[in-house]
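Source file: target-v5.cif (mmCIF, C-alpha atoms)
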```cif
data_data
loop_
_atom_site.label_atom_id
_atom_site.label_comp_id
_atom_site.auth_asym_id
_atom_site.auth_seq_id
_atom_site.Cartn_x
_atom_site.Cartn_y
_atom_site.Cartn_z
CA MET A 1 -126.43 -163.98 171.45
CA THR A 2 -123.92 -162.61 168.94
CA PRO A 3 -120.34 -162.99 170.18
CA LEU A 4 -117.61 -161.07 168.44
CA PRO A 5 -115.20 -163.12 166.34
CA ARG A 6 -111.58 -163.75 167.00
CA ALA A 7 -110.06 -163.04 163.60
CA VAL A 8 -106.60 -164.27 162.75
CA VAL A 9 -104.98 -163.88 159.35
CA ALA A 10 -101.97 -165.97 158.40
CA ALA A 11 -99.89 -165.51 155.26
CA SER A 12 -97.67 -168.27 153.93
CA THR A 13 -95.16 -168.81 151.17
CA LEU A 14 -96.73 -172.27 150.78
CA ALA A 15 -93.49 -173.96 151.82
CA LEU A 16 -92.21 -175.69 154.95
CA SER A 17 -90.10 -172.69 155.78
CA LEU A 18 -93.00 -170.26 155.56
CA THR A 19 -93.21 -167.28 157.87
CA LEU A 20 -96.54 -166.64 159.56
CA THR A 21 -98.06 -163.31 160.43
CA ALA A 22 -101.07 -163.27 162.72
CA SER A 23 -103.09 -160.56 164.35
CA ALA A 24 -106.02 -160.58 166.77
CA ASN A 25 -108.96 -158.46 165.68
CA MET A 26 -112.25 -158.07 167.50
CA GLY A 27 -114.03 -156.67 164.43
CA LEU A 28 -114.75 -158.23 161.08
CA PRO A 29 -111.91 -160.28 159.58
CA ALA A 30 -109.64 -158.65 157.04
CA LEU A 31 -107.20 -160.27 154.63
CA LEU A 32 -103.75 -158.89 155.42
CA PRO A 33 -101.08 -160.58 153.30
CA ALA A 34 -97.51 -160.18 154.44
CA GLN A 35 -95.31 -157.81 152.51
CA GLY A 36 -94.27 -159.31 149.19
CA ARG A 37 -96.92 -162.03 149.33
CA ALA A 38 -99.88 -162.32 146.97
CA ALA A 39 -103.34 -162.47 148.54
CA ALA A 40 -103.92 -165.76 146.71
CA ASP A 41 -101.19 -167.35 148.85
CA THR A 42 -102.86 -166.70 152.21
CA VAL A 43 -104.98 -168.71 154.60
CA GLN A 44 -107.50 -166.55 156.43
CA LEU A 45 -108.47 -167.73 159.91
CA THR A 46 -111.45 -166.58 161.96
CA GLU A 47 -112.84 -168.02 165.20
CA TRP A 48 -116.06 -167.26 167.04
CA ASP A 49 -116.54 -167.91 170.76
CA VAL A 50 -119.31 -170.42 171.38
CA PRO A 51 -121.69 -168.85 173.92
CA TRP A 52 -121.93 -172.02 176.03
CA GLY A 53 -118.25 -172.13 176.88
CA ALA A 54 -115.20 -174.30 176.26
CA ALA A 55 -116.24 -176.86 178.88
CA GLY A 56 -118.99 -178.06 176.53
CA ARG A 57 -116.32 -179.08 173.98
CA PRO A 58 -117.76 -177.73 170.70
CA ARG A 59 -116.69 -180.01 167.87
CA ASP A 60 -117.34 -181.82 164.58
CA PRO A 61 -118.92 -179.11 162.40
CA SER A 62 -121.01 -179.80 159.30
CA VAL A 63 -122.28 -177.33 156.67
CA ASP A 64 -125.97 -177.38 155.73
CA PRO A 65 -127.43 -176.40 152.29
CA GLN A 66 -127.93 -172.81 153.51
CA GLY A 67 -124.31 -172.44 154.56
CA ARG A 68 -125.04 -172.66 158.28
CA ILE A 69 -122.62 -174.58 160.49
CA TRP A 70 -123.96 -177.33 162.74
CA PHE A 71 -121.84 -178.69 165.58
CA VAL A 72 -122.17 -180.56 168.85
CA GLY A 73 -121.19 -179.83 172.42
CA GLN A 74 -120.05 -183.28 173.45
CA GLU A 75 -119.64 -182.50 177.13
CA GLY A 76 -122.31 -179.80 177.10
CA ASN A 77 -124.88 -182.30 175.73
CA TYR A 78 -126.27 -180.16 172.93
CA VAL A 79 -126.48 -179.77 169.16
CA ALA A 80 -126.11 -176.23 167.83
CA ARG A 81 -126.16 -174.19 164.66
CA PHE A 82 -124.11 -171.12 163.73
CA ASP A 83 -124.97 -168.73 160.91
CA PRO A 84 -121.78 -167.12 159.52
CA LYS A 85 -123.86 -164.36 157.91
CA THR A 86 -125.63 -163.16 161.04
CA LYS A 87 -122.99 -164.44 163.51
CA LYS A 88 -125.78 -165.93 165.62
CA PHE A 89 -125.78 -169.25 167.47
CA GLU A 90 -128.85 -171.43 168.02
CA ARG A 91 -128.96 -174.32 170.48
CA PHE A 92 -131.08 -177.47 170.18
CA GLU A 93 -131.84 -179.33 173.40
CA ILE A 94 -131.53 -183.11 173.21
CA ASP A 95 -132.12 -186.03 175.58
CA PRO A 96 -130.16 -185.88 178.85
CA GLY A 97 -127.15 -188.17 178.82
CA THR A 98 -126.77 -188.18 175.02
CA HIS A 99 -123.37 -186.44 174.88
CA PRO A 100 -123.26 -186.35 171.07
CA HIS A 101 -119.91 -187.05 169.49
CA THR A 102 -120.60 -185.73 165.99
CA VAL A 103 -123.27 -184.22 163.73
CA ASN A 104 -123.55 -184.46 159.96
CA VAL A 105 -126.11 -182.63 157.79
CA ASP A 106 -127.71 -184.39 154.81
CA ALA A 107 -128.73 -182.92 151.45
CA GLN A 108 -132.22 -182.14 152.78
CA GLY A 109 -130.81 -180.06 155.62
CA ASP A 110 -131.57 -182.54 158.41
CA ALA A 111 -128.89 -182.89 161.08
CA TRP A 112 -127.95 -186.40 162.20
CA TYR A 113 -126.04 -186.77 165.45
CA ALA A 114 -124.36 -189.66 167.25
CA GLY A 115 -125.54 -190.29 170.82
CA ASN A 116 -122.19 -191.33 172.19
CA ARG A 117 -123.37 -192.24 175.69
CA ASN A 118 -126.97 -193.35 175.16
CA GLY A 119 -126.52 -195.68 172.18
CA MET A 120 -128.60 -193.96 169.50
CA ILE A 121 -128.57 -191.92 166.32
CA GLY A 122 -130.72 -188.81 166.35
CA ARG A 123 -132.13 -186.75 163.49
CA ILE A 124 -133.12 -183.09 163.87
CA ASP A 125 -135.50 -181.86 161.18
CA GLY A 126 -133.74 -178.82 159.74
CA LYS A 127 -137.03 -176.95 159.28
CA THR A 128 -139.05 -177.84 162.39
CA GLY A 129 -136.39 -178.89 164.89
CA LYS A 130 -138.28 -182.11 165.60
CA ILE A 131 -136.09 -184.99 166.81
CA THR A 132 -136.41 -188.58 165.60
CA ARG A 133 -134.47 -191.25 167.52
CA TYR A 134 -132.93 -194.46 166.19
CA PRO A 135 -131.74 -196.73 169.02
CA MET A 136 -129.09 -199.40 168.51
CA PRO A 137 -130.56 -202.91 168.04
CA ASP A 138 -127.84 -204.51 170.17
CA PRO A 139 -127.12 -203.41 173.77
CA ALA A 140 -123.43 -204.05 173.10
CA ALA A 141 -123.48 -201.17 170.58
CA LYS A 142 -123.02 -198.42 173.12
CA ASP A 143 -121.15 -195.55 171.57
CA PRO A 144 -122.03 -194.24 168.10
CA HIS A 145 -119.11 -192.03 167.09
CA THR A 146 -118.67 -190.50 163.58
CA ILE A 147 -121.20 -190.40 160.69
CA THR A 148 -120.98 -190.35 156.90
CA PHE A 149 -123.67 -190.58 154.18
CA THR A 150 -124.21 -192.76 151.14
CA PRO A 151 -125.32 -191.04 147.90
CA ALA A 152 -128.87 -192.22 148.72
CA GLY A 153 -128.76 -190.49 152.10
CA ASP A 154 -128.36 -193.58 154.27
CA LEU A 155 -125.84 -193.50 157.12
CA TRP A 156 -122.69 -195.36 158.02
CA PHE A 157 -121.20 -194.70 161.44
CA THR A 158 -118.44 -195.97 163.70
CA LEU A 159 -118.84 -197.26 167.27
CA GLN A 160 -115.33 -196.93 168.67
CA ASN A 161 -115.34 -198.85 171.95
CA SER A 162 -117.98 -201.33 170.80
CA ASN A 163 -115.62 -202.39 167.98
CA MET A 164 -118.42 -202.05 165.42
CA VAL A 165 -119.49 -200.08 162.36
CA GLY A 166 -123.20 -199.48 161.76
CA PHE A 167 -125.48 -198.83 158.80
CA LEU A 168 -128.81 -196.96 159.16
CA ASN A 169 -131.40 -197.17 156.39
CA ARG A 170 -132.97 -193.72 156.25
CA LYS A 171 -136.33 -194.88 154.87
CA THR A 172 -136.94 -197.85 157.17
CA GLY A 173 -134.95 -196.81 160.22
CA GLU A 174 -133.35 -200.25 160.34
CA VAL A 175 -129.84 -200.41 161.82
CA LYS A 176 -127.34 -203.12 160.87
CA LEU A 177 -124.10 -203.67 162.76
CA ALA A 178 -120.81 -205.22 161.67
CA THR A 179 -118.19 -206.32 164.21
CA MET A 180 -114.55 -205.84 163.30
CA ASN A 181 -112.28 -208.81 162.72
CA THR A 182 -109.62 -207.48 165.10
CA PRO A 183 -110.61 -207.24 168.78
CA ARG A 184 -110.44 -203.78 170.38
CA SER A 185 -109.63 -202.19 167.01
CA ARG A 186 -111.64 -199.02 167.84
CA PRO A 187 -113.31 -197.84 164.56
CA TYR A 188 -112.97 -194.06 164.50
CA GLY A 189 -113.06 -191.64 161.52
CA ILE A 190 -115.17 -192.69 158.52
CA VAL A 191 -115.68 -191.54 154.90
CA MET A 192 -117.53 -192.85 151.83
CA ASP A 193 -115.91 -193.75 148.49
CA LYS A 194 -117.37 -193.38 145.00
CA GLY A 195 -118.40 -197.03 144.94
CA GLY A 196 -120.54 -196.72 148.05
CA ARG A 197 -118.10 -198.37 150.45
CA PRO A 198 -117.28 -196.85 153.84
CA TRP A 199 -113.62 -196.53 154.84
CA PHE A 200 -112.58 -196.06 158.44
CA ASN A 201 -109.60 -195.88 160.76
CA LEU A 202 -109.07 -198.67 163.25
CA PHE A 203 -107.51 -196.51 165.92
CA GLY A 204 -106.78 -199.36 168.32
CA THR A 205 -104.49 -201.14 165.88
CA ASN A 206 -102.33 -200.55 162.78
CA LYS A 207 -105.13 -201.11 160.27
CA LEU A 208 -107.69 -199.37 158.10
CA GLY A 209 -111.01 -201.00 157.27
CA THR A 210 -113.86 -201.10 154.79
CA ILE A 211 -117.18 -202.94 154.48
CA ASP A 212 -118.96 -204.43 151.50
CA PRO A 213 -122.39 -202.75 151.66
CA GLN A 214 -124.19 -205.80 150.26
CA SER A 215 -122.72 -208.58 152.39
CA MET A 216 -121.66 -206.40 155.37
CA ARG A 217 -118.34 -208.25 155.19
CA VAL A 218 -115.45 -206.42 156.86
CA ARG A 219 -112.03 -206.16 155.22
CA GLU A 220 -109.04 -204.85 157.11
CA TYR A 221 -105.83 -203.43 155.57
CA LEU A 222 -102.61 -203.80 157.57
CA LEU A 223 -100.36 -200.74 157.82
CA PRO A 224 -96.66 -201.62 157.71
CA ASP A 225 -95.56 -200.13 161.04
CA GLU A 226 -97.06 -201.85 164.08
CA ARG A 227 -97.08 -198.53 165.95
CA ALA A 228 -99.29 -196.82 163.35
CA ARG A 229 -102.58 -195.48 164.70
CA GLY A 230 -104.81 -193.73 162.17
CA ARG A 231 -107.41 -191.46 163.74
CA ARG A 232 -109.04 -189.56 160.86
CA ILE A 233 -109.33 -190.48 157.20
CA ALA A 234 -109.86 -188.84 153.78
CA LEU A 235 -110.19 -189.84 150.11
CA THR A 236 -108.67 -188.14 147.08
CA SER A 237 -110.39 -188.16 143.71
CA ASP A 238 -108.13 -190.93 142.38
CA GLY A 239 -109.58 -193.32 144.97
CA ALA A 240 -106.58 -193.32 147.29
CA VAL A 241 -107.27 -193.62 151.02
CA TRP A 242 -105.35 -191.21 153.28
CA TYR A 243 -104.89 -191.20 157.03
CA GLY A 244 -103.11 -189.19 159.71
CA ASP A 245 -100.97 -191.38 161.96
CA TYR A 246 -101.63 -189.95 165.42
CA SER A 247 -99.04 -192.12 167.14
CA ARG A 248 -96.05 -191.60 164.82
CA GLY A 249 -96.65 -188.22 163.17
CA TYR A 250 -97.13 -189.23 159.54
CA VAL A 251 -99.63 -188.78 156.72
CA GLY A 252 -100.15 -192.03 154.83
CA ARG A 253 -101.63 -193.22 151.54
CA LEU A 254 -103.25 -196.62 151.03
CA ASP A 255 -103.84 -197.95 147.52
CA PRO A 256 -107.16 -199.81 147.98
CA VAL A 257 -106.45 -202.09 145.01
CA SER A 258 -102.93 -203.28 145.79
CA GLY A 259 -102.88 -202.57 149.51
CA ALA A 260 -99.57 -200.68 149.11
CA VAL A 261 -98.88 -197.98 151.68
CA LYS A 262 -96.68 -194.88 151.44
CA GLU A 263 -96.02 -192.45 154.28
CA TRP A 264 -94.55 -188.96 154.76
CA ALA A 265 -93.38 -187.50 158.08
CA LEU A 266 -95.33 -184.43 159.19
CA PRO A 267 -93.50 -181.11 159.71
CA GLY A 268 -93.94 -181.46 163.49
CA GLY A 269 -92.29 -184.88 163.52
CA GLY A 270 -93.02 -187.72 165.91
CA THR A 271 -94.73 -185.52 168.48
CA SER A 272 -97.08 -183.79 166.00
CA MET A 273 -100.10 -186.00 166.90
CA PRO A 274 -102.21 -185.33 163.76
CA TYR A 275 -105.92 -185.41 164.60
CA ALA A 276 -108.46 -183.49 162.45
CA MET A 277 -108.14 -184.15 158.72
CA THR A 278 -109.94 -183.17 155.51
CA VAL A 279 -109.31 -182.83 151.78
CA ASP A 280 -110.08 -179.84 149.55
CA ASP A 281 -111.34 -179.66 145.96
CA ALA A 282 -107.79 -179.77 144.57
CA ASP A 283 -107.00 -182.97 146.51
CA ARG A 284 -104.73 -181.25 149.04
CA LEU A 285 -104.78 -183.01 152.41
CA TRP A 286 -105.20 -180.75 155.43
CA LEU A 287 -104.29 -182.03 158.91
CA VAL A 288 -104.06 -180.48 162.36
CA GLU A 289 -100.95 -181.17 164.43
CA THR A 290 -102.29 -181.24 168.00
CA GLY A 291 -99.00 -182.13 169.67
CA SER A 292 -97.97 -178.47 169.70
CA GLN A 293 -99.53 -175.38 171.23
CA PRO A 294 -100.82 -173.64 169.29
CA ASN A 295 -102.19 -176.43 167.12
CA LYS A 296 -100.96 -176.17 163.54
CA LEU A 297 -102.92 -176.60 160.30
CA VAL A 298 -100.70 -178.16 157.63
CA ALA A 299 -101.38 -178.98 153.97
CA PHE A 300 -99.92 -181.85 151.94
CA ASP A 301 -99.91 -181.89 148.13
CA PRO A 302 -100.02 -185.47 146.72
CA ARG A 303 -98.68 -184.25 143.37
CA THR A 304 -95.37 -183.14 144.81
CA ASN A 305 -95.41 -185.26 147.97
CA SER A 306 -94.63 -182.15 149.96
CA PHE A 307 -96.16 -179.99 152.66
CA THR A 308 -97.27 -176.67 151.24
CA ALA A 309 -98.70 -174.74 154.20
CA LYS A 310 -98.36 -174.52 157.97
CA VAL A 311 -100.57 -172.16 159.97
CA ASP A 312 -101.06 -171.61 163.70
CA LEU A 313 -104.63 -172.18 164.88
CA GLY A 314 -105.23 -169.61 167.57
CA PRO A 315 -102.97 -168.63 170.47
CA ALA A 316 -100.47 -170.85 172.27
CA MET A 317 -102.83 -172.26 174.89
CA PRO A 318 -104.28 -175.72 175.61
CA ASN A 319 -106.33 -176.74 172.60
CA THR A 320 -107.22 -179.71 170.40
CA VAL A 321 -108.91 -179.59 166.99
CA ARG A 322 -110.52 -183.00 166.56
CA HIS A 323 -112.46 -182.88 163.29
CA MET A 324 -112.98 -180.54 160.34
CA VAL A 325 -114.78 -180.35 156.99
CA PHE A 326 -114.12 -178.54 153.71
CA ASP A 327 -116.90 -176.46 152.14
CA LYS A 328 -116.22 -176.02 148.42
CA THR A 329 -118.73 -173.18 148.01
CA THR A 330 -116.80 -170.83 150.27
CA ARG A 331 -113.39 -172.59 150.08
CA SER A 332 -113.58 -172.87 153.86
CA ILE A 333 -112.35 -175.48 156.31
CA TRP A 334 -114.59 -175.47 159.39
CA PHE A 335 -113.49 -176.80 162.77
CA GLY A 336 -114.41 -176.78 166.45
CA SER A 337 -111.82 -176.30 169.15
CA ASP A 338 -111.39 -177.32 172.77
CA ARG A 339 -110.81 -173.61 173.47
CA GLY A 340 -114.55 -173.15 172.97
CA THR A 341 -114.64 -171.77 169.44
CA ILE A 342 -116.00 -172.52 166.01
CA GLY A 343 -113.35 -171.69 163.44
CA ARG A 344 -113.02 -171.13 159.71
CA ALA A 345 -109.90 -171.32 157.55
CA VAL A 346 -110.43 -169.93 154.07
CA VAL A 347 -107.83 -171.63 151.88
CA PRO A 348 -106.42 -170.37 148.58
CA PRO A 349 -107.18 -172.09 145.26
CA ALA A 350 -104.52 -174.62 144.35
CA GLY A 351 -104.53 -173.66 140.67
CA LYS A 352 -104.64 -177.33 139.79
CA LYS A 353 -107.33 -179.84 138.91
CA PRO A 354 -108.06 -182.86 141.15
CA ILE A 355 -105.72 -185.75 140.54
CA GLY A 356 -108.43 -188.29 139.74
#
```

How does this structure look as structure tokens?
Amino acid sequence: MTPLPRAVVAASTLALSLTLTASANMGLPALLPAQGRAAADTVQLTEWDVPWGAAGRPRDPSVDPQGRIWFVGQEGNYVARFDPKTKKFERFEIDPGTHPHTVNVDAQGDAWYAGNRNGMIGRIDGKTGKITRYPMPDPAAKDPHTITFTPAGDLWFTLQNSNMVGFLNRKTGEVKLATMNTPRSRPYGIVMDKGGRPWFNLFGTNKLGTIDPQSMRVREYLLPDERARGRRIALTSDGAVWYGDYSRGYVGRLDPVSGAVKEWALPGGGTSMPYAMTVDDADRLWLVETGSQPNKLVAFDPRTNSFTAKVDLGPAMPNTVRHMVFDKTTRSIWFGSDRGTIGRAVVPPAGKKPIG
């Protein structure tokens, strides 16, 4: 099945006061900068309808070595793959009751998914489609959530309501689990730093966390406002840890050495509810404000401590963008939406080197 794309092009002055122009187009996307704007200052948006509907909740895309986009249908209980070149979708059937929360593709092209409701990690061979299953060693570890990779290809993953973070050794299949120091802290988004340590949000409390990979010892960092609730997380090349505060409407920076925290209010203010978050190759932070309809994609530049873009994601209708990834090869941010689409935002070069 080859659904037609919804193409939306937004042009910005890369300032908080930018004016957006958007147009729906059922053909191939075209870059249409607003009058007086340079094409280099635009964000090009395109969305494709997922053939299995919005009720399946397509989400958490990942880009494989061939440029294909893997994603899951959390409520639809499937893993799928979309080829941007052919515009074709392919569905992979998985065990009933899995309800995968996320999928992440490794350097070999294998797709690893989190069985959110059956307590397992699954691996789909990218060439054969064969599934290998890795069950949790503890029955209390019920809900694998979000996955990230070590440089060696091993996995770290969060287990939100089990209050754990797990490590899966790719070669042996062994799974180790670490319980958080704070009860009901709800480990959520997770990323890997240059030193091989995972960093994660503790969405149930005002903390971020990390784990020493050798000792499996958990360290938690307190955020200064007790109402803070980080949901997704990102790292810039200087080693700083960034989070979107879903509860208060801020983007924050944690210095992992000193523990110092700085925060900046999002353009949408206290009701912006930032959810999906990623970082591009120039260290700009991109977040989605889900408290407004339409959701808004905003960019924050750590060099100037200012927001440099704000773009509507689709029409003004019920929607939530929960996770996204940046693909350096195509300068694209990929996302899934609760409106039943897989979307791409092609972002302009920043004209600056990473800050690290």

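Of the listed residues A:Leu177, A:Val279, A:Leu223, A:Leu254, the one whose atoms come nearest to Val325 of chain A is A:Val279, with distances taken using all atoms listed in the file.
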
Handout entry: the PyMOL selection byres ((chain A and resi 226) around 12) resolved against shown file, as a ChimeraX atom specification
Key = /A:203-207,222-225,227-230,245,247-248

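Interatomic distance, atom CA of Arg81 of chain A against atom CA of Pro144 of chain A: 20.8 Å.
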
Practice task
Could you expand the PyMOL selection byres ((chain A and resi 257) around 12) into the explicit residues it covers here, written as a PyMOL selection string?
Solution key: chain A and resi 221+238-241+254-256+258-261

Per residue of segment 119-201 of chain A within 12 Å of segment 92-96 of chain A, what are the shortest atom pair and its distance in Å to one decimal, counting all atoms listed in the file, with rows by chain and residue number, as a Markdown table?
```
| residue | atom | partner | partner_atom | distance |
| --- | --- | --- | --- | --- |
| A:Gly119 | CA | A:Asp95 | CA | 11.7 |
| A:Met120 | CA | A:Asp95 | CA | 10.6 |
| A:Ile121 | CA | A:Asp95 | CA | 11.5 |
| A:Gly122 | CA | A:Ile94 | CA | 9.0 |
| A:Arg123 | CA | A:Ile94 | CA | 10.4 |
| A:Ile124 | CA | A:Phe92 | CA | 8.7 |
| A:Asp125 | CA | A:Phe92 | CA | 10.9 |
| A:Gly126 | CA | A:Phe92 | CA | 10.9 |
| A:Thr128 | CA | A:Phe92 | CA | 11.2 |
| A:Gly129 | CA | A:Phe92 | CA | 7.6 |
| A:Lys130 | CA | A:Phe92 | CA | 9.7 |
| A:Ile131 | CA | A:Ile94 | CA | 8.1 |
| A:Thr132 | CA | A:Ile94 | CA | 10.6 |
| A:Arg133 | CA | A:Asp95 | CA | 9.9 |
```

Here's the selection I'm unsure about, the PyMOL selection byres ((chain A and resi 163) around 10); applied to the file above, which residues does it give, as an mmCIF file with C-alpha atoms, in the frame of the given file?
```
data_model
loop_
_atom_site.group_PDB
_atom_site.id
_atom_site.type_symbol
_atom_site.label_atom_id
_atom_site.label_comp_id
_atom_site.auth_asym_id
_atom_site.auth_seq_id
_atom_site.Cartn_x
_atom_site.Cartn_y
_atom_site.Cartn_z
ATOM 1 C CA ALA A 140 -123.430 -204.050 173.100
ATOM 2 C CA ALA A 141 -123.480 -201.170 170.580
ATOM 3 C CA LYS A 142 -123.020 -198.420 173.120
ATOM 4 C CA ASP A 143 -121.150 -195.550 171.570
ATOM 5 C CA THR A 158 -118.440 -195.970 163.700
ATOM 6 C CA LEU A 159 -118.840 -197.260 167.270
ATOM 7 C CA GLN A 160 -115.330 -196.930 168.670
ATOM 8 C CA ASN A 161 -115.340 -198.850 171.950
ATOM 9 C CA SER A 162 -117.980 -201.330 170.800
ATOM 10 C CA MET A 164 -118.420 -202.050 165.420
ATOM 11 C CA VAL A 165 -119.490 -200.080 162.360
ATOM 12 C CA ALA A 178 -120.810 -205.220 161.670
ATOM 13 C CA THR A 179 -118.190 -206.320 164.210
ATOM 14 C CA MET A 180 -114.550 -205.840 163.300
ATOM 15 C CA ASN A 181 -112.280 -208.810 162.720
ATOM 16 C CA THR A 182 -109.620 -207.480 165.100
ATOM 17 C CA PRO A 183 -110.610 -207.240 168.780
ATOM 18 C CA ARG A 184 -110.440 -203.780 170.380
ATOM 19 C CA SER A 185 -109.630 -202.190 167.010
ATOM 20 C CA ARG A 186 -111.640 -199.020 167.840
ATOM 21 C CA PRO A 187 -113.310 -197.840 164.560
ATOM 22 C CA TYR A 188 -112.970 -194.060 164.500
ATOM 23 C CA LEU A 202 -109.070 -198.670 163.250
ATOM 24 C CA GLY A 204 -106.780 -199.360 168.320
#
```

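If all atoms listed in the file are the atoms counted, then among A:Leu235, A:Asn295, A:Lys352, A:Asp281 the closest residue to Thr330 of chain A is A:Asp281.
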
Starting from the incomplete input, reconstruct N, CA, C and O atoms of segment 278-293 of chain A and report them as a CSV table (one decimal), in the coordinates of the input.
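Result saved to result-v9.csv:
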```csv
chain,number,residue,atom,x,y,z
A,278,THR,N,-109.0,-183.3,156.6
A,278,THR,CA,-109.9,-183.2,155.5
A,278,THR,C,-109.2,-183.0,154.2
A,278,THR,O,-107.9,-182.9,154.2
A,279,VAL,N,-109.9,-183.0,153.1
A,279,VAL,CA,-109.3,-182.8,151.8
A,279,VAL,C,-110.1,-181.8,151.0
A,279,VAL,O,-111.3,-181.7,151.2
A,280,ASP,N,-109.4,-180.9,150.3
A,280,ASP,CA,-110.1,-179.8,149.6
A,280,ASP,C,-110.4,-180.3,148.1
A,280,ASP,O,-110.1,-181.4,147.7
A,281,ASP,N,-110.9,-179.3,147.3
A,281,ASP,CA,-111.3,-179.7,146.0
A,281,ASP,C,-110.2,-179.8,145.0
A,281,ASP,O,-110.4,-180.1,143.8
A,282,ALA,N,-109.0,-179.5,145.4
A,282,ALA,CA,-107.8,-179.8,144.6
A,282,ALA,C,-107.0,-181.0,145.1
A,282,ALA,O,-105.8,-181.2,144.7
A,283,ASP,N,-107.6,-181.8,145.9
A,283,ASP,CA,-107.0,-183.0,146.5
A,283,ASP,C,-105.8,-182.7,147.4
A,283,ASP,O,-105.0,-183.6,147.7
A,284,ARG,N,-105.7,-181.5,148.0
A,284,ARG,CA,-104.7,-181.2,149.0
A,284,ARG,C,-105.3,-181.8,150.3
A,284,ARG,O,-106.4,-181.6,150.7
A,285,LEU,N,-104.4,-182.5,151.1
A,285,LEU,CA,-104.8,-183.0,152.4
A,285,LEU,C,-104.4,-182.0,153.5
A,285,LEU,O,-103.3,-181.4,153.5
A,286,TRP,N,-105.4,-181.7,154.3
A,286,TRP,CA,-105.2,-180.8,155.4
A,286,TRP,C,-105.3,-181.5,156.8
A,286,TRP,O,-106.3,-182.2,157.0
A,287,LEU,N,-104.3,-181.4,157.6
A,287,LEU,CA,-104.3,-182.0,158.9
A,287,LEU,C,-104.0,-181.0,160.0
A,287,LEU,O,-103.3,-180.0,159.7
A,288,VAL,N,-104.4,-181.3,161.2
A,288,VAL,CA,-104.1,-180.5,162.4
A,288,VAL,C,-103.1,-181.2,163.3
A,288,VAL,O,-103.4,-182.3,163.7
A,289,GLU,N,-101.9,-180.6,163.5
A,289,GLU,CA,-101.0,-181.2,164.4
A,289,GLU,C,-101.4,-180.7,165.8
A,289,GLU,O,-101.3,-179.5,166.1
A,290,THR,N,-101.8,-181.6,166.7
A,290,THR,CA,-102.3,-181.2,168.0
A,290,THR,C,-101.2,-181.4,169.1
A,290,THR,O,-101.5,-181.1,170.2
A,291,GLY,N,-100.1,-181.9,168.7
A,291,GLY,CA,-99.0,-182.1,169.7
A,291,GLY,C,-98.3,-180.9,170.1
A,291,GLY,O,-97.5,-180.9,171.0
A,292,SER,N,-98.6,-179.8,169.4
A,292,SER,CA,-98.0,-178.5,169.7
A,292,SER,C,-99.0,-177.5,170.1
A,292,SER,O,-100.2,-177.6,169.7
A,293,GLN,N,-98.6,-176.5,170.9
A,293,GLN,CA,-99.5,-175.4,171.2
A,293,GLN,C,-98.9,-174.1,170.8
A,293,GLN,O,-97.8,-173.8,171.2
```
